[in-house]
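Novice: Structure supplied as my_file_36.json; contents: JSON, C-alpha atoms and all ligand atoms.
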[["chain", "number", "residue", "atom", "x", "y", "z"],
["U", 1, "MET", "CA", 0.00, 0.00, 0.00],
["U", 2, "ASP", "CA", 1.24, 3.48, -0.84],
["U", 3, "VAL", "CA", 0.93, 4.90, 2.66],
["U", 4, "ALA", "CA", 2.07, 8.40, 1.68],
["U", 5, "ASN", "CA", -0.75, 8.77, -0.83],
["U", 6, "LYS", "CA", -3.61, 7.99, 1.54],
["U", 7, "HIS", "CA", -5.67, 10.91, 2.87],
["U", 8, "TYR", "CA", -8.11, 11.86, 5.56],
["U", 9, "GLU", "CA", -10.80, 14.42, 4.82],
["U", 10, "LEU", "CA", -10.74, 17.48, 7.06],
["U", 11, "ASN", "CA", -13.93, 19.05, 8.42],
["U", 12, "ASN", "CA", -13.60, 21.83, 5.82],
["U", 13, "GLY", "CA", -13.68, 19.34, 2.94],
["U", 14, "LEU", "CA", -9.95, 19.53, 2.14],
["U", 15, "GLU", "CA", -7.68, 16.48, 2.15],
["U", 16, "ILE", "CA", -4.68, 15.83, 4.38],
["U", 17, "PRO", "CA", -2.09, 13.08, 3.78],
["U", 18, "LYS", "CA", -2.57, 10.37, 6.45],
["U", 19, "VAL", "CA", 1.06, 10.38, 7.50],
["U", 20, "GLY", "CA", 3.29, 13.40, 8.02],
["U", 21, "PHE", "CA", 7.04, 13.79, 8.41],
["U", 22, "GLY", "CA", 8.17, 15.17, 11.80],
["U", 23, "THR", "CA", 11.03, 17.66, 12.06],
["U", 24, "TRP", "CA", 11.34, 18.55, 15.76],
["U", 25, "ARG", "CA", 15.03, 18.53, 16.81],
["U", 26, "SER", "CA", 16.16, 18.29, 13.19],
["U", 27, "LYS", "CA", 18.74, 21.04, 13.26],
["U", 28, "ASN", "CA", 18.44, 24.01, 10.95],
["U", 29, "GLY", "CA", 21.03, 23.63, 8.21],
["U", 30, "ASP", "CA", 22.15, 20.42, 6.65],
["U", 31, "GLU", "CA", 20.42, 18.02, 9.03],
["U", 32, "ALA", "CA", 16.85, 19.28, 8.55],
["U", 33, "TYR", "CA", 17.48, 20.01, 4.87],
["U", 34, "GLN", "CA", 18.75, 16.49, 4.08],
["U", 35, "ALA", "CA", 16.06, 14.79, 6.16],
["U", 36, "VAL", "CA", 13.19, 16.63, 4.49],
["U", 37, "LEU", "CA", 14.73, 16.23, 1.03],
["U", 38, "GLU", "CA", 15.06, 12.49, 1.63],
["U", 39, "ALA", "CA", 11.53, 12.23, 3.00],
["U", 40, "LEU", "CA", 10.14, 13.96, -0.08],
["U", 41, "ARG", "CA", 12.27, 11.78, -2.33],
["U", 42, "VAL", "CA", 10.87, 8.55, -0.85],
["U", 43, "GLY", "CA", 7.27, 9.72, -0.99],
["U", 44, "TYR", "CA", 6.20, 11.77, 2.05],
["U", 45, "ARG", "CA", 4.03, 14.67, 0.93],
["U", 46, "HIS", "CA", 3.16, 16.10, 4.35],
["U", 47, "ILE", "CA", 5.79, 17.94, 6.40],
["U", 48, "ASP", "CA", 5.31, 19.10, 10.00],
["U", 49, "THR", "CA", 7.46, 21.94, 11.34],
["U", 50, "ALA", "CA", 7.01, 24.84, 13.78],
["U", 51, "ALA", "CA", 8.42, 28.30, 14.34],
["U", 52, "ILE", "CA", 10.06, 27.13, 17.58],
["U", 53, "TYR", "CA", 11.92, 24.27, 15.83],
["U", 54, "GLY", "CA", 14.10, 26.94, 14.24],
["U", 55, "ASN", "CA", 14.37, 24.94, 11.00],
["U", 56, "GLU", "CA", 11.73, 26.51, 8.75],
["U", 57, "GLU", "CA", 14.40, 27.90, 6.42],
["U", 58, "SER", "CA", 15.98, 24.50, 5.85],
["U", 59, "VAL", "CA", 12.59, 22.83, 5.47],
["U", 60, "GLY", "CA", 11.65, 25.48, 2.90],
["U", 61, "ARG", "CA", 14.88, 25.02, 1.00],
["U", 62, "ALA", "CA", 14.33, 21.24, 0.83],
["U", 63, "ILE", "CA", 10.78, 21.78, -0.40],
["U", 64, "LYS", "CA", 12.02, 24.06, -3.15],
["U", 65, "ASP", "CA", 14.92, 21.82, -4.17],
["U", 66, "SER", "CA", 12.71, 18.71, -4.23],
["U", 67, "GLY", "CA", 11.16, 20.08, -7.42],
["U", 68, "ILE", "CA", 7.76, 18.71, -6.34],
["U", 69, "PRO", "CA", 4.90, 20.99, -7.40],
["U", 70, "ARG", "CA", 3.62, 23.02, -4.44],
["U", 71, "GLU", "CA", 0.04, 21.78, -4.88],
["U", 72, "GLU", "CA", 1.19, 18.18, -4.30],
["U", 73, "LEU", "CA", 2.58, 19.05, -0.87],
["U", 74, "PHE", "CA", 0.95, 19.60, 2.50],
["U", 75, "ILE", "CA", 2.98, 21.92, 4.74],
["U", 76, "THR", "CA", 2.19, 22.62, 8.39],
["U", 77, "THR", "CA", 3.83, 25.05, 10.76],
["U", 78, "LYS", "CA", 2.86, 26.33, 14.20],
["U", 79, "LEU", "CA", 2.55, 29.63, 15.99],
["U", 80, "TRP", "CA", 4.78, 29.80, 19.05],
["U", 81, "ASN", "CA", 3.93, 30.82, 22.61],
["U", 82, "ASP", "CA", 5.26, 34.36, 22.25],
["U", 83, "SER", "CA", 2.69, 35.32, 19.62],
["U", 84, "HIS", "CA", -0.74, 34.84, 21.18],
["U", 85, "SER", "CA", -2.37, 38.09, 20.14],
["U", 86, "TYR", "CA", -4.13, 39.35, 17.03],
["U", 87, "ASP", "CA", -1.23, 41.50, 15.84],
["U", 88, "LYS", "CA", 1.56, 39.15, 16.84],
["U", 89, "ALA", "CA", -0.17, 36.20, 15.17],
["U", 90, "LYS", "CA", -0.20, 38.06, 11.86],
["U", 91, "VAL", "CA", 3.50, 38.84, 12.17],
["U", 92, "ALA", "CA", 4.29, 35.25, 13.21],
["U", 93, "LEU", "CA", 2.52, 33.85, 10.16],
["U", 94, "ALA", "CA", 4.25, 36.28, 7.80],
["U", 95, "THR", "CA", 7.61, 35.38, 9.32],
["U", 96, "SER", "CA", 7.01, 31.63, 8.97],
["U", 97, "LEU", "CA", 5.87, 32.01, 5.36],
["U", 98, "GLU", "CA", 8.95, 34.02, 4.58],
["U", 99, "LYS", "CA", 11.31, 31.54, 6.21],
["U", 100, "LEU", "CA", 9.64, 28.64, 4.44],
["U", 101, "GLY", "CA", 9.69, 30.53, 1.15],
["U", 102, "LEU", "CA", 6.00, 29.81, 0.62],
["U", 103, "ASP", "CA", 3.07, 32.01, -0.28],
["U", 104, "TYR", "CA", 0.57, 29.85, 1.58],
["U", 105, "LEU", "CA", 0.47, 27.12, 4.26],
["U", 106, "ASP", "CA", -1.74, 24.08, 4.14],
["U", 107, "LEU", "CA", -2.16, 24.09, 7.91],
["U", 108, "TYR", "CA", -1.34, 26.58, 10.64],
["U", 109, "LEU", "CA", -1.61, 25.50, 14.27],
["U", 110, "ILE", "CA", -1.59, 27.23, 17.65],
["U", 111, "HIS", "CA", 1.26, 25.22, 19.21],
["U", 112, "TRP", "CA", 0.16, 25.35, 22.87],
["U", 113, "PRO", "CA", -3.09, 26.60, 24.45],
["U", 114, "ASN", "CA", -1.76, 28.24, 27.59],
["U", 115, "PRO", "CA", 1.71, 29.81, 27.34],
["U", 116, "LEU", "CA", 3.31, 31.03, 30.55],
["U", 117, "GLU", "CA", 3.35, 34.56, 29.14],
["U", 118, "TYR", "CA", -0.46, 34.62, 28.74],
["U", 119, "ARG", "CA", -1.43, 32.40, 31.65],
["U", 120, "ASP", "CA", -3.80, 34.87, 33.26],
["U", 121, "SER", "CA", -5.60, 35.61, 29.99],
["U", 122, "TRP", "CA", -5.20, 32.53, 27.78],
["U", 123, "GLN", "CA", -8.87, 32.49, 26.80],
["U", 124, "GLU", "CA", -8.76, 35.98, 25.30],
["U", 125, "ALA", "CA", -5.27, 35.42, 23.89],
["U", 126, "ASN", "CA", -6.42, 32.31, 22.02],
["U", 127, "ALA", "CA", -9.60, 34.02, 20.80],
["U", 128, "GLN", "CA", -7.59, 36.93, 19.34],
["U", 129, "THR", "CA", -4.98, 34.63, 17.83],
["U", 130, "TRP", "CA", -7.68, 32.51, 16.25],
["U", 131, "LYS", "CA", -9.36, 35.58, 14.76],
["U", 132, "ALA", "CA", -6.11, 36.51, 13.03],
["U", 133, "MET", "CA", -5.79, 32.94, 11.77],
["U", 134, "GLU", "CA", -9.36, 32.94, 10.44],
["U", 135, "GLU", "CA", -8.54, 36.13, 8.55],
["U", 136, "ALA", "CA", -5.45, 34.42, 7.14],
["U", 137, "VAL", "CA", -7.72, 31.72, 5.71],
["U", 138, "GLU", "CA", -9.91, 34.41, 4.20],
["U", 139, "ALA", "CA", -6.83, 36.11, 2.72],
["U", 140, "GLY", "CA", -5.60, 32.84, 1.15],
["U", 141, "LEU", "CA", -2.44, 32.69, 3.27],
["U", 142, "VAL", "CA", -3.52, 29.46, 4.97],
["U", 143, "ARG", "CA", -5.81, 26.67, 3.74],
["U", 144, "SER", "CA", -6.73, 25.17, 7.11],
["U", 145, "ILE", "CA", -6.23, 26.15, 10.73],
["U", 146, "GLY", "CA", -6.00, 24.04, 13.82],
["U", 147, "VAL", "CA", -4.55, 23.65, 17.29],
["U", 148, "SER", "CA", -2.05, 21.56, 19.19],
["U", 149, "ASN", "CA", -1.95, 20.31, 22.76],
["U", 150, "PHE", "CA", -5.50, 21.57, 23.33],
["U", 151, "MET", "CA", -7.54, 19.71, 25.95],
["U", 152, "VAL", "CA", -11.35, 19.72, 25.97],
["U", 153, "ARG", "CA", -11.46, 22.83, 28.19],
["U", 154, "HIS", "CA", -9.34, 24.79, 25.70],
["U", 155, "LEU", "CA", -11.38, 23.62, 22.72],
["U", 156, "GLU", "CA", -14.64, 24.52, 24.40],
["U", 157, "GLU", "CA", -13.36, 27.96, 25.30],
["U", 158, "LEU", "CA", -12.18, 28.56, 21.73],
["U", 159, "ALA", "CA", -15.55, 27.45, 20.35],
["U", 160, "LYS", "CA", -17.24, 30.36, 22.17],
["U", 161, "THR", "CA", -15.77, 32.87, 19.71],
["U", 162, "ALA", "CA", -14.48, 30.81, 16.77],
["U", 163, "VAL", "CA", -16.18, 31.01, 13.39],
["U", 164, "ILE", "CA", -14.04, 28.19, 12.00],
["U", 165, "THR", "CA", -13.83, 24.89, 13.91],
["U", 166, "PRO", "CA", -10.22, 23.67, 14.19],
["U", 167, "ALA", "CA", -9.50, 21.16, 11.43],
["U", 168, "VAL", "CA", -6.86, 19.38, 13.51],
["U", 169, "ASN", "CA", -5.68, 18.92, 17.08],
["U", 170, "GLN", "CA", -2.07, 17.73, 17.23],
["U", 171, "ILE", "CA", -1.43, 15.99, 20.56],
["U", 172, "ARG", "CA", 0.84, 13.40, 22.12],
["U", 173, "LEU", "CA", -0.50, 9.99, 21.08],
["U", 174, "ALA", "CA", 1.65, 6.88, 21.07],
["U", 175, "PRO", "CA", 1.58, 3.28, 22.26],
["U", 176, "GLY", "CA", 0.76, 3.66, 25.95],
["U", 177, "VAL", "CA", -0.37, 7.28, 25.52],
["U", 178, "PHE", "CA", -4.06, 7.52, 24.66],
["U", 179, "GLN", "CA", -5.69, 10.74, 25.80],
["U", 180, "GLU", "CA", -9.21, 9.39, 25.88],
["U", 181, "GLU", "CA", -11.22, 12.46, 26.89],
["U", 182, "VAL", "CA", -9.84, 14.74, 24.19],
["U", 183, "VAL", "CA", -9.73, 11.93, 21.62],
["U", 184, "LEU", "CA", -13.45, 11.24, 22.06],
["U", 185, "TYR", "CA", -14.27, 14.95, 21.96],
["U", 186, "CYS", "CA", -12.33, 15.52, 18.72],
["U", 187, "ARG", "CA", -13.82, 12.47, 17.06],
["U", 188, "ASP", "CA", -17.26, 13.80, 17.90],
["U", 189, "LYS", "CA", -16.46, 17.22, 16.37],
["U", 190, "ASN", "CA", -14.75, 15.73, 13.33],
["U", 191, "ILE", "CA", -11.41, 17.25, 14.32],
["U", 192, "ILE", "CA", -8.53, 15.13, 12.97],
["U", 193, "LEU", "CA", -6.14, 13.94, 15.68],
["U", 194, "GLU", "CA", -2.53, 14.24, 14.66],
["U", 195, "ALA", "CA", -0.24, 12.03, 16.74],
["U", 196, "TRP", "CA", 2.95, 13.71, 17.85],
["U", 197, "SER", "CA", 5.78, 11.50, 19.07],
["U", 198, "PRO", "CA", 4.00, 8.47, 17.55],
["U", 199, "LEU", "CA", 7.13, 6.40, 18.26],
["U", 200, "GLY", "CA", 7.16, 7.54, 21.88],
["U", 201, "GLN", "CA", 10.38, 9.46, 21.15],
["U", 202, "GLY", "CA", 12.17, 6.14, 21.06],
["U", 203, "GLU", "CA", 10.77, 4.81, 24.36],
["U", 204, "ILE", "CA", 8.71, 2.05, 22.72],
["U", 205, "PHE", "CA", 11.60, 0.23, 21.10],
["U", 206, "LYS", "CA", 12.59, -1.78, 24.18],
["U", 207, "ASN", "CA", 9.02, -2.55, 25.21],
["U", 208, "GLU", "CA", 8.35, -6.26, 25.35],
["U", 209, "THR", "CA", 4.75, -6.12, 24.09],
["U", 210, "MET", "CA", 5.85, -4.01, 21.15],
["U", 211, "MET", "CA", 8.76, -6.33, 20.36],
["U", 212, "ASN", "CA", 6.52, -9.41, 20.51],
["U", 213, "LEU", "CA", 3.96, -7.81, 18.23],
["U", 214, "ALA", "CA", 6.66, -6.74, 15.79],
["U", 215, "GLU", "CA", 7.73, -10.37, 15.59],
["U", 216, "LYS", "CA", 4.15, -11.60, 15.23],
["U", 217, "TYR", "CA", 3.41, -9.26, 12.30],
["U", 218, "GLY", "CA", 6.87, -9.67, 10.76],
["U", 219, "LYS", "CA", 7.46, -5.90, 10.91],
["U", 220, "THR", "CA", 9.46, -3.49, 13.05],
["U", 221, "VAL", "CA", 8.35, -1.89, 16.31],
["U", 222, "ALA", "CA", 8.12, 1.49, 14.57],
["U", 223, "GLN", "CA", 5.87, 0.07, 11.87],
["U", 224, "VAL", "CA", 3.56, -1.59, 14.41],
["U", 225, "ALA", "CA", 3.30, 1.70, 16.31],
["U", 226, "LEU", "CA", 2.38, 3.57, 13.13],
["U", 227, "ALA", "CA", -0.20, 0.91, 12.19],
["U", 228, "TRP", "CA", -1.72, 1.37, 15.64],
["U", 229, "SER", "CA", -1.94, 5.10, 15.03],
["U", 230, "TRP", "CA", -4.01, 4.46, 11.91],
["U", 231, "TYR", "CA", -6.04, 1.78, 13.68],
["U", 232, "ASP", "CA", -7.32, 4.45, 16.05],
["U", 233, "GLY", "CA", -7.88, 7.00, 13.27],
["U", 234, "PHE", "CA", -4.87, 9.17, 14.13],
["U", 235, "LEU", "CA", -2.46, 10.86, 11.76],
["U", 236, "PRO", "CA", 1.11, 9.99, 12.83],
["U", 237, "LEU", "CA", 4.06, 12.34, 12.35],
["U", 238, "PRO", "CA", 7.13, 10.06, 12.68],
["U", 239, "LYS", "CA", 10.46, 11.86, 12.80],
["U", 240, "SER", "CA", 13.85, 10.58, 11.72],
["U", 241, "VAL", "CA", 16.97, 11.95, 10.06],
["U", 242, "THR", "CA", 18.22, 8.47, 9.06],
["U", 243, "PRO", "CA", 17.38, 7.55, 5.45],
["U", 244, "SER", "CA", 16.70, 3.85, 6.16],
["U", 245, "ARG", "CA", 14.28, 4.75, 9.00],
["U", 246, "ILE", "CA", 12.62, 7.51, 6.99],
["U", 247, "MET", "CA", 11.80, 4.80, 4.44],
["U", 248, "GLU", "CA", 10.91, 2.16, 7.05],
["U", 249, "ASN", "CA", 8.35, 4.51, 8.58],
["U", 250, "LEU", "CA", 6.34, 4.52, 5.34],
["U", 251, "ASP", "CA", 6.14, 0.73, 5.13],
["U", 252, "PHE", "CA", 3.35, -0.18, 7.54],
["U", 253, "GLY", "CA", 0.23, -0.10, 5.37],
["U", 254, "ASP", "CA", -0.07, -3.87, 5.14],
["U", 255, "ILE", "CA", -0.33, -4.43, 8.91],
["U", 256, "GLU", "CA", -3.83, -5.40, 10.03],
["U", 257, "LEU", "CA", -3.84, -5.27, 13.79],
["U", 258, "THR", "CA", -6.37, -7.34, 15.67],
["U", 259, "TYR", "CA", -8.65, -5.63, 18.16],
["U", 260, "GLN", "CA", -6.87, -7.41, 21.04],
["U", 261, "ASP", "CA", -3.44, -6.31, 19.85],
["U", 262, "ALA", "CA", -4.59, -2.71, 19.40],
["U", 263, "LEU", "CA", -5.89, -2.72, 22.98],
["U", 264, "ALA", "CA", -2.61, -4.19, 24.24],
["U", 265, "ILE", "CA", -0.66, -1.43, 22.46],
["U", 266, "ARG", "CA", -2.89, 1.24, 23.95],
["U", 267, "ALA", "CA", -2.19, -0.14, 27.41],
["U", 268, "ILE", "CA", 1.59, -0.55, 27.37],
["U", 269, "ASP", "CA", 3.61, 0.88, 30.27],
["U", 270, "GLY", "CA", 6.72, 2.97, 30.49],
["U", 271, "VAL", "CA", 6.10, 5.62, 27.85],
["U", 272, "THR", "CA", 6.15, 9.27, 28.98],
["U", 273, "LYS", "CA", 2.60, 10.59, 29.20],
["U", 274, "GLU", "CA", 1.32, 13.94, 28.01],
["U", 275, "SER", "CA", 2.06, 16.98, 30.16],
["U", 276, "ASN", "CA", -0.62, 19.33, 31.45],
["U", 277, "PRO", "CA", -0.63, 22.35, 29.11],
["U", 278, "ASP", "CA", -1.90, 24.57, 31.93],
["U", 279, "THR", "CA", 1.20, 24.00, 34.06],
["U", 280, "VAL", "CA", 4.07, 23.67, 31.56],
["U", 281, "ASP", "CA", 6.83, 26.20, 32.20],
["U", 282, "PHE", "CA", 7.00, 27.72, 28.71],
["U", 301, "LIG", "P1", 8.96, 10.29, 17.46],
["U", 301, "LIG", "O1", 8.01, 9.57, 18.34],
["U", 301, "LIG", "O2", 8.63, 10.47, 16.03],
["U", 301, "LIG", "O3", 10.38, 9.60, 17.64],
["U", 301, "LIG", "C1", 11.48, 10.05, 16.94],
["U", 301, "LIG", "C2", 12.72, 9.30, 17.34],
["U", 301, "LIG", "O4", 12.54, 7.90, 17.15],
["U", 301, "LIG", "C3", 13.85, 9.72, 16.39],
["U", 301, "LIG", "O5", 14.65, 10.69, 17.00],
["U", 301, "LIG", "C4", 14.60, 8.46, 16.14],
["U", 301, "LIG", "O6", 15.69, 8.41, 17.02],
["U", 301, "LIG", "C5", 13.66, 7.35, 16.49],
["U", 301, "LIG", "N1", 13.21, 6.64, 15.28],
["U", 301, "LIG", "C6", 12.47, 7.11, 14.26],
["U", 301, "LIG", "N2", 12.18, 6.13, 13.39],
["U", 301, "LIG", "C7", 12.74, 5.01, 13.87],
["U", 301, "LIG", "C8", 12.78, 3.68, 13.42],
["U", 301, "LIG", "N3", 12.15, 3.31, 12.31],
["U", 301, "LIG", "N4", 13.46, 2.78, 14.16],
["U", 301, "LIG", "C9", 14.10, 3.14, 15.30],
["U", 301, "LIG", "N5", 14.09, 4.39, 15.79],
["U", 301, "LIG", "C10", 13.41, 5.34, 15.08],
["U", 301, "LIG", "O7", 9.26, 11.71, 18.19],
["U", 301, "LIG", "P2", 9.10, 13.25, 17.95],
["U", 301, "LIG", "O8", 10.09, 13.78, 17.01],
["U", 301, "LIG", "O9", 9.02, 13.83, 19.31],
["U", 301, "LIG", "O10", 7.63, 13.42, 17.32],
["U", 301, "LIG", "C11", 7.38, 13.39, 15.95],
["U", 301, "LIG", "C12", 6.99, 14.75, 15.41],
["U", 301, "LIG", "O11", 5.82, 15.25, 16.05],
["U", 301, "LIG", "C13", 8.02, 15.85, 15.70],
["U", 301, "LIG", "O12", 9.18, 15.74, 14.91],
["U", 301, "LIG", "C14", 7.21, 17.08, 15.46],
["U", 301, "LIG", "O13", 7.05, 17.33, 14.08],
["U", 301, "LIG", "C15", 5.89, 16.67, 16.12],
["U", 301, "LIG", "N6", 5.81, 17.09, 17.54],
["U", 301, "LIG", "C16", 4.90, 18.04, 17.88],
["U", 301, "LIG", "C17", 4.79, 18.47, 19.19],
["U", 301, "LIG", "C18", 3.75, 19.48, 19.55],
["U", 301, "LIG", "O14", 3.79, 20.01, 20.67],
["U", 301, "LIG", "N7", 2.83, 19.79, 18.67],
["U", 301, "LIG", "C19", 5.64, 17.95, 20.19],
["U", 301, "LIG", "C20", 6.58, 16.99, 19.83],
["U", 301, "LIG", "C21", 6.63, 16.56, 18.51]]
Would you give me this structure, written as structure tokens?
Ligand code: NAD
Specialist:
Amino acid sequence: MDVANKHYELNNGLEIPKVGFGTWRSKNGDEAYQAVLEALRVGYRHIDTAAIYGNEESVGRAIKDSGIPREELFITTKLWNDSHSYDKAKVALATSLEKLGLDYLDLYLIHWPNPLEYRDSWQEANAQTWKAMEEAVEAGLVRSIGVSNFMVRHLEELAKTAVITPAVNQIRLAPGVFQEEVVLYCRDKNIILEAWSPLGQGEIFKNETMMNLAEKYGKTVAQVALAWSWYDGFLPLPKSVTPSRIMENLDFGDIELTYQDALAIRAIDGVTKESNPDTVDF
């Protein structure tokens, strides 16, 4: 199965490739450039970056040098915690577009719902930020808008003033990390759940359940984890800078997990859980 060419439909009718390529901690310069170039070469069409990753320039350069027509790509970046106001959001978007060398984004996300800097007024800060993002859709600078690390309370607050429902909520979802309350809420509202750290940032590779299942299905632990992400309707964003792994992480479409195995993966121990966005120190 050509995993990279499968799509989910967003709640605004647009399509999003069902797997994205993660770039957190891929260093600006050669590392991020080569990783994204390789990912595009082997078939990924969906790239996930963020202003705070500091690598938008390299990601943009790889996109350009890949020679792939812009309309065949799906590019996401995220607004950082220092830009939660109407005016700052507009500047942040313009800056990201410039660094990426693009004239529009496919998806723009609010990275975190409750930055330290806005902790006493996060509701208003998100409402104003979202308004600027809705105007960016209107202006053709962004196709879809969404959020990241939002819990139900943040989504409900946003819904009080939002005209556009978020298309996506990007949250930590991995074997052993299943945020049930927000997952059920997003499914109900037709908000696609993007899975960040779908490989548990490496923590799943020594897990016995995962290793046994990899053997059972004749695949690798990474591939079983990504198949689980799809099983639960998530959109995984695996990250790697190693060409063989970049390729390996696209080769999981033939795995058909049983219900029992999917439940066992959901329940594994030892993987770092999500942090509370209302108490993080950034
Ligand atoms: P991940 O779960 O994708 O794990 C990545 C690590 O796993 C790599 O550093 C690599 O060492 C290892 N790895 C990758 N493929 C492998 C393979 N096939 N075999 C063995 N090891 C392998 O972790 P991540 O980078 O934290 O998350 C993925 C992406 O999600 C990020 O790059 C970023 O784009 C996004 N993300 C978003 C947020 C957010 O707050 N929105 C937070 C973290 C990550």
Novice: At a cut-off of 10 Å around the point (-15.3, 16.1, 24.0) (file coordinates), what residues fall inside when counting all atoms listed in the file? I'd like the answer as a list of chain:residue names.
Specialist: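 Residues found, by chain and rising number: U:Met151, U:Val152, U:Arg153, U:Leu155, U:Glu156, U:Glu180, U:Glu181, U:Val182, U:Val183, U:Leu184, U:Tyr185, U:Cys186, U:Arg187, U:Asp188, U:Lys189.
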Novice: What separation in Å, quoted to one decimal, exists between CA of Ser275 in chain U and CA of Val36 in chain U?
Specialist: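 About the pair CA of Ser275 in chain U and CA of Val36 in chain U: they are 28.0 Å apart.
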Novice: Give me the residues within 8 Å of range 169-178 of chain U as an mmCIF file with C-alpha atoms, in the coordinates of the input, counting only C-alpha atoms and dropping any in the same chain fewer than 2 places off.
Specialist:
data_model
loop_
_atom_site.group_PDB
_atom_site.id
_atom_site.type_symbol
_atom_site.label_atom_id
_atom_site.label_comp_id
_atom_site.auth_asym_id
_atom_site.auth_seq_id
_atom_site.Cartn_x
_atom_site.Cartn_y
_atom_site.Cartn_z
ATOM 1 C CA GLY U 146 -6.000 24.040 13.820
ATOM 2 C CA VAL U 147 -4.550 23.650 17.290
ATOM 3 C CA SER U 148 -2.050 21.560 19.190
ATOM 4 C CA ASN U 149 -1.950 20.310 22.760
ATOM 5 C CA PHE U 150 -5.500 21.570 23.330
ATOM 6 C CA PRO U 166 -10.220 23.670 14.190
ATOM 7 C CA ALA U 167 -9.500 21.160 11.430
ATOM 8 C CA GLU U 180 -9.210 9.390 25.880
ATOM 9 C CA VAL U 183 -9.730 11.930 21.620
ATOM 10 C CA CYS U 186 -12.330 15.520 18.720
ATOM 11 C CA ILE U 191 -11.410 17.250 14.320
ATOM 12 C CA ILE U 192 -8.530 15.130 12.970
ATOM 13 C CA LEU U 193 -6.140 13.940 15.680
ATOM 14 C CA GLU U 194 -2.530 14.240 14.660
ATOM 15 C CA ALA U 195 -0.240 12.030 16.740
ATOM 16 C CA TRP U 196 2.950 13.710 17.850
ATOM 17 C CA SER U 197 5.780 11.500 19.070
ATOM 18 C CA PRO U 198 4.000 8.470 17.550
ATOM 19 C CA LEU U 199 7.130 6.400 18.260
ATOM 20 C CA GLY U 200 7.160 7.540 21.880
ATOM 21 C CA ILE U 204 8.710 2.050 22.720
ATOM 22 C CA ALA U 225 3.300 1.700 16.310
ATOM 23 C CA TRP U 228 -1.720 1.370 15.640
ATOM 24 C CA SER U 229 -1.940 5.100 15.030
ATOM 25 C CA ILE U 265 -0.660 -1.430 22.460
ATOM 26 C CA ARG U 266 -2.890 1.240 23.950
ATOM 27 C CA ALA U 267 -2.190 -0.140 27.410
ATOM 28 C CA ILE U 268 1.590 -0.550 27.370
ATOM 29 C CA ASP U 269 3.610 0.880 30.270
ATOM 30 C CA GLY U 270 6.720 2.970 30.490
ATOM 31 C CA VAL U 271 6.100 5.620 27.850
ATOM 32 C CA THR U 272 6.150 9.270 28.980
ATOM 33 C CA LYS U 273 2.600 10.590 29.200
ATOM 34 C CA GLU U 274 1.320 13.940 28.010
#
Novice: Produce the centre coordinates and the three edge lengths, each in Å to one decimal, of the box along x, y and z that contains all listed atoms of ligand LIG 301 (chain U) with 5 Å added on each side, as JSON.
Specialist:
{"center_x": 9.3, "center_y": 11.4, "center_z": 16.5, "size_x": 22.9, "size_y": 27.2, "size_z": 18.4}
Novice: With distances taken over all atoms listed in the file, which of U:Trp112, U:Phe74, U:Tyr33, U:Tyr118 is nearest to ligand LIG 301 (chain U)?
Specialist: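 That would be U:Trp112, the residue with the smallest distance to ligand LIG 301 (chain U).
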Novice: I'd like to know which of U:Ala264, U:Ala227, U:Ala127, U:Leu73 is closest to Arg45 in chain U, using all atoms listed in the file.
Specialist: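 Using all atoms listed in the file, the shortest distance to Arg45 in chain U belongs to U:Leu73.
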Novice: So which one's closest to Val224 in chain U, U:Ser244, U:Thr279, U:Thr209, U:Ser121? Using all atoms listed in the file, please.
Specialist: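 Closest to Val224 in chain U, using all atoms listed in the file: U:Thr209.
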Novice: With all atoms listed in the file as the atoms that count, which of U:Val19, U:Leu40, U:Val241, U:Leu100 lies nearest to ligand LIG 301 (chain U)?
Specialist: U:Val241
Novice: If you measure from CA of Asp82 in chain U to CA of Ser144 in chain U, what distance in Å do you get, rounded to one decimal?
Specialist: 21.4 Å
Novice: Mind pulling up the distance from atom O2 of ligand LIG 301 (chain U) to CA of Pro243 in chain U?
Specialist: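 Answer for the CA of Pro243 in chain U to atom O2 of ligand LIG 301 (chain U) separation: 14.0 Å.
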Novice: Could you tell me which of U:Asp251, U:Ala94, U:Asn190, U:Glu157 comes closest to Gly13 in chain U if we count all atoms listed in the file?
Specialist: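 So, comparing all the options, the nearest one is U:Asn190.
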Novice: Smallest atom-to-atom distance to Trp122 in chain U: which of U:Glu138, U:Ala222, U:Leu158, U:Leu107, using all atoms listed in the file?
Specialist: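 The shortest atom-to-atom distance to Trp122 in chain U comes from U:Leu158.
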Novice: Using all atoms listed in the file, determine which residues lie at most 10 Å from Tyr104 in chain U, disregarding the query and same-chain residues fewer than 6 positions distant; provide the list as a PDB file with C-alpha atoms, in the coordinates of the input.
Specialist:
ATOM      1  CA  ARG U  70       3.620  23.020  -4.440  1.00  0.00           C
ATOM      2  CA  ILE U  75       2.980  21.920   4.740  1.00  0.00           C
ATOM      3  CA  LEU U  93       2.520  33.850  10.160  1.00  0.00           C
ATOM      4  CA  ALA U  94       4.250  36.280   7.800  1.00  0.00           C
ATOM      5  CA  SER U  96       7.010  31.630   8.970  1.00  0.00           C
ATOM      6  CA  LEU U  97       5.870  32.010   5.360  1.00  0.00           C
ATOM      7  CA  GLU U  98       8.950  34.020   4.580  1.00  0.00           C
ATOM      8  CA  ALA U 136      -5.450  34.420   7.140  1.00  0.00           C
ATOM      9  CA  VAL U 137      -7.720  31.720   5.710  1.00  0.00           C
ATOM     10  CA  ALA U 139      -6.830  36.110   2.720  1.00  0.00           C
ATOM     11  CA  GLY U 140      -5.600  32.840   1.150  1.00  0.00           C
ATOM     12  CA  LEU U 141      -2.440  32.690   3.270  1.00  0.00           C
ATOM     13  CA  VAL U 142      -3.520  29.460   4.970  1.00  0.00           C
ATOM     14  CA  ARG U 143      -5.810  26.670   3.740  1.00  0.00           C
TER      15      ARG U 143
END
